[in-house]
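File shown: structure.txt (compact mmCIF, C-alpha atoms).
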# COMPACT_ATOMS: atom_id res chain seq x y z
CA MET F 1 4.69 -53.01 -25.32
CA GLU F 2 2.13 -50.79 -27.04
CA ASN F 3 0.50 -49.98 -23.72
CA VAL F 4 3.76 -48.64 -22.28
CA THR F 5 4.45 -46.37 -25.26
CA ASP F 6 0.86 -45.14 -25.13
CA ALA F 7 1.26 -44.44 -21.40
CA ILE F 8 4.50 -42.52 -22.06
CA GLU F 9 2.86 -40.43 -24.78
CA GLN F 10 -0.12 -39.72 -22.53
CA ALA F 11 2.17 -38.76 -19.61
CA GLU F 12 4.18 -36.42 -21.88
CA ALA F 13 0.96 -34.80 -23.13
CA ASP F 14 -0.27 -34.45 -19.54
CA LEU F 15 3.07 -32.89 -18.51
CA THR F 16 2.90 -30.38 -21.38
CA THR F 17 -0.67 -29.48 -20.46
CA THR F 18 0.21 -29.13 -16.78
CA ARG F 19 3.20 -26.90 -17.56
CA ASP F 20 1.02 -24.70 -19.77
CA GLU F 21 -1.57 -24.42 -17.00
CA LEU F 22 1.17 -23.60 -14.49
CA ARG F 23 2.55 -20.86 -16.76
CA MET F 24 -0.92 -19.38 -17.16
CA ALA F 25 -1.48 -19.53 -13.39
CA ARG F 26 1.81 -17.70 -12.79
CA GLU F 27 0.83 -15.04 -15.33
CA LEU F 28 -2.53 -14.68 -13.59
CA VAL F 29 -0.86 -14.30 -10.19
CA ALA F 30 1.50 -11.64 -11.61
CA THR F 31 -1.45 -9.80 -13.14
CA LEU F 32 -3.41 -9.98 -9.88
CA GLU F 33 -0.40 -8.71 -7.89
CA HIS F 34 -0.05 -5.80 -10.32
CA ASP F 35 -3.79 -5.06 -10.06
CA ALA F 36 -3.65 -5.21 -6.26
CA LYS F 37 -0.75 -2.73 -6.17
CA ARG F 38 -2.60 -0.40 -8.57
CA ILE F 39 -5.78 -0.59 -6.47
CA GLU F 40 -3.77 0.00 -3.30
CA ILE F 41 -2.31 3.18 -4.81
CA GLU F 42 -5.76 4.26 -5.99
CA LEU F 43 -7.19 3.65 -2.52
CA VAL F 44 -4.53 5.81 -0.89
CA GLY F 45 -5.36 8.60 -3.33
CA LEU F 46 -9.07 8.29 -2.60
CA ARG F 47 -8.47 8.30 1.15
CA SER F 48 -6.28 11.37 0.81
CA TYR F 49 -8.96 13.11 -1.27
CA ALA F 50 -11.66 12.18 1.25
CA GLN F 51 -9.51 13.45 4.10
CA ARG F 52 -8.76 16.76 2.34
CA ARG F 53 -12.43 17.31 1.44
CA GLY F 54 -13.87 16.20 4.79
CA LEU F 55 -16.49 13.99 3.13
CA THR F 56 -19.07 12.52 5.51
CA PRO F 57 -22.10 10.19 5.38
CA ALA F 58 -24.39 12.05 7.82
CA MET F 59 -26.50 15.12 7.10
CA GLY F 60 -26.94 16.30 10.72
CA GLY F 61 -25.45 19.81 10.93
CA ALA F 62 -23.44 19.23 7.78
CA THR F 63 -22.94 21.43 4.78
CA VAL F 64 -22.99 20.37 1.16
CA SER F 65 -19.79 21.24 -0.68
CA ALA F 66 -19.51 22.59 -4.22
CA LEU F 67 -18.36 19.12 -5.23
CA GLY F 68 -21.69 17.68 -4.19
CA GLY F 69 -20.36 16.10 -1.02
CA ILE F 70 -21.45 16.64 2.53
CA ASN F 71 -19.00 18.38 4.82
CA ASP F 72 -19.13 18.40 8.60
CA GLY F 73 -15.38 18.04 9.10
CA SER F 74 -15.20 14.27 9.57
CA VAL F 75 -13.90 11.68 7.16
CA VAL F 76 -16.04 9.00 5.54
CA PRO F 77 -14.67 5.49 5.17
CA ILE F 78 -14.45 4.75 1.45
CA SER F 79 -15.49 1.17 1.93
CA PRO F 80 -16.89 -0.76 4.91
CA GLY F 81 -14.09 -2.02 7.10
CA ILE F 82 -11.55 0.55 5.91
CA ALA F 83 -10.57 3.14 8.49
CA MET F 84 -8.50 6.29 8.15
CA ALA F 85 -5.20 6.49 10.00
CA SER F 86 -5.60 8.24 13.32
CA ALA F 87 -3.11 10.75 14.61
CA PRO F 88 -0.47 9.07 16.78
CA ALA F 89 -0.24 10.11 20.42
CA VAL F 90 1.63 13.41 20.76
CA THR F 91 3.89 12.24 23.56
CA ASP F 92 4.88 9.13 21.63
CA LEU F 93 6.01 11.00 18.51
CA MET F 94 7.65 13.81 20.44
CA THR F 95 10.01 11.43 22.23
CA MET F 96 11.06 9.59 19.05
CA SER F 97 13.74 10.33 16.51
CA ARG F 98 12.40 11.65 13.23
CA ASN F 99 13.01 8.31 11.47
CA GLU F 100 11.21 6.44 14.27
CA ALA F 101 8.31 8.88 14.11
CA VAL F 102 7.99 8.50 10.33
CA SER F 103 8.06 4.71 10.50
CA THR F 104 5.57 4.72 13.41
CA ILE F 105 3.16 6.89 11.45
CA MET F 106 3.52 4.61 8.43
CA SER F 107 2.93 1.51 10.56
CA GLN F 108 -0.35 2.98 11.83
CA ALA F 109 -1.58 3.87 8.35
CA PRO F 110 -3.95 1.50 6.57
CA GLY F 111 -1.81 1.58 3.42
CA PRO F 112 0.90 3.45 1.54
CA MET F 113 1.32 7.16 2.23
CA ASP F 114 2.82 10.11 0.42
CA ARG F 115 5.28 12.40 2.16
CA SER F 116 2.67 15.14 2.58
CA ALA F 117 0.36 12.79 4.48
CA ILE F 118 3.28 11.67 6.67
CA HIS F 119 4.22 15.32 7.26
CA GLU F 120 0.62 16.10 8.20
CA GLN F 121 0.53 13.23 10.70
CA CYS F 122 3.85 14.43 12.18
CA ALA F 123 2.33 17.89 12.64
CA LEU F 124 -0.83 16.40 14.20
CA GLY F 125 1.48 14.56 16.58
CA GLY F 126 3.06 17.85 17.65
CA ARG F 127 6.30 17.58 15.68
CA ASP F 128 7.69 20.54 13.75
CA ASP F 129 9.52 18.56 11.04
CA THR F 130 9.46 20.13 7.60
CA LEU F 131 8.39 18.34 4.43
CA ASP F 132 12.08 18.15 3.47
CA ASP F 133 12.85 16.55 6.84
CA VAL F 134 10.25 13.87 6.12
CA SER F 135 11.78 13.31 2.67
CA LEU F 136 15.23 12.89 4.24
CA SER F 137 13.84 10.36 6.70
CA LEU F 138 12.14 8.43 3.92
CA SER F 139 15.41 8.32 1.96
CA GLY F 140 17.31 7.11 5.00
CA LEU F 141 14.70 4.51 5.83
CA LYS F 142 14.77 3.32 2.22
CA ARG F 143 18.56 2.92 2.33
CA ALA F 144 18.15 0.94 5.55
CA GLY F 145 15.57 -1.30 3.85
CA ARG F 146 12.77 -0.26 6.22
CA VAL F 147 10.53 1.44 3.62
CA GLU F 148 9.99 1.08 -0.09
CA LYS F 149 8.87 3.54 -2.73
CA LEU F 150 5.88 2.42 -4.77
CA GLY F 151 5.91 5.18 -7.35
CA ARG F 152 3.66 8.22 -7.75
CA GLY F 153 5.19 9.57 -4.54
CA LEU F 154 3.81 6.75 -2.38
CA TRP F 155 5.79 4.95 0.30
CA ARG F 156 5.10 1.93 2.49
CA LEU F 157 6.91 -0.03 5.13
CA ALA F 158 9.04 -2.79 3.66
CA GLU F 159 7.41 -6.16 3.98
CA GLN F 160 8.97 -8.22 6.70
CA THR F 161 9.42 -11.81 5.61
CA PRO F 162 10.54 -14.47 8.03
CA ALA F 163 14.02 -15.81 7.42
CA THR F 164 14.05 -19.11 5.64
CA GLY F 165 16.57 -21.66 6.59

Represent the structure from my file as structure tokens, please.
Amino acid sequence: MENVTDAIEQAEADLTTTRDELRMARELVATLEHDAKRIEIELVGLRSYAQRRGLTPAMGGATVSALGGINDGSVVPISPGIAMASAPAVTDLMTMSRNEAVSTIMSQAPGPMDRSAIHEQCALGGRDDTLDDVSLSLSGLKRAGRVEKLGRGLWRLAEQTPATG
């Protein structure tokens, strides 16, 4: 009889320990998700800065900027394996509705974008939408559940999750 009560006490202690570990693991996951979102926002800012400043890795024919960077008009990847968004094909964007063009540009971007970056990509694609037009499209896409606002003026496509049944 003593063995059974000892086993019950041990199982209860194990359950308490396991639940505590599970709670800590969930807190860690939440912290990591928060950190990942913060880093993602930081990365978009750094990419935007690099794009505006034209920072490059090569010295051939380049100039050194007042900020200490090299400038030959191209953009340097911030980290290996990370590429800047390229301008969408002009004919593709020109034939699309504004909302389709905005969502296409966002889908080709490596991460969240601000409305100015979206507007710039629209212009590079040959569209003459204003910054306010882009804002209206973002608002409409948000209402439709196609984009989400991350804060600090950053937007990304809403995550598509498969339906569970």

Margin query: Ranking F:Asp92, F:Glu100, F:Asp6, F:Asp35 by minimum distance to Gly125 (chain F) and counting all atoms listed in the file, which one comes first?
Written below: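 Of all the options, F:Asp92 lies closest to Gly125 (chain F).
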
Note to self: Just the number, please: distance in Å from CA of Ala109 (chain F) to CA of Ala158 (chain F), one decimal.
What the structure shows: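 Atom-to-atom, CA of Ala109 (chain F) to CA of Ala158 (chain F), that is 13.4 Å.
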
Margin query: One number please: CA of Thr104 (chain F) to CA of Leu43 (chain F), in Å, one decimal.
Written below: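 Calculated distance between CA of Thr104 (chain F) and CA of Leu43 (chain F) is 20.4 Å.
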
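The smallest atom-to-atom distance between Leu136 (chain F) and any of F:Arg52, F:Leu150, F:Glu33, F:Arg115, using all atoms listed in the file, is found for F:Arg115.
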
Next item on the list: Measuring atom to atom with only C-alpha atoms, identify which of F:Ala36, F:Leu141, F:Met94, F:Leu28 is nearest to Ala123 (chain F).
Entry: F:Met94

Notebook entry, point to check: CA of Val147 (chain F) to CA of Ser103 (chain F): how many Å, to one decimal?
Noted result: 8.0 Å

Checklist line | Which residue of F:Arg156, F:Asn99, F:Glu9, F:Gln108 approaches Val134 (chain F) most closely, using only C-alpha atoms | finding: F:Asn99

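Nearest to Arg127 (chain F) of all the residues F:Arg26, F:Arg19, F:Arg143, F:Arg98 is F:Arg98, based on all atoms listed in the file.
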
Selection: 10 Å around Gly145 (chain F), all atoms listed in the file, excl. self and same-chain fewer than 6 positions, as a compact mmCIF listing (two decimals) with C-alpha atoms, in the coordinates of the input:
# COMPACT_ATOMS: atom_id res chain seq x y z
CA SER F 139 15.41 8.32 1.96
CA LEU F 157 6.91 -0.03 5.13
CA ALA F 158 9.04 -2.79 3.66
CA GLU F 159 7.41 -6.16 3.98
CA GLN F 160 8.97 -8.22 6.70

Checklist line | Pick from F:Met96, F:Ala50, F:Ile41, F:Leu15 nearest to Gly111 (chain F), counting all atoms listed in the file | finding: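 Closest to Gly111 (chain F) of all the choices is F:Ile41.
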
Note to self: Counting only C-alpha atoms, which residues sit no farther than 7 Å from the position (2.3, 14.9, 14.0) in the file's frame? I'd like them as a PyMOL selection string.
What the structure shows: chain F and resi 87+90+120-127
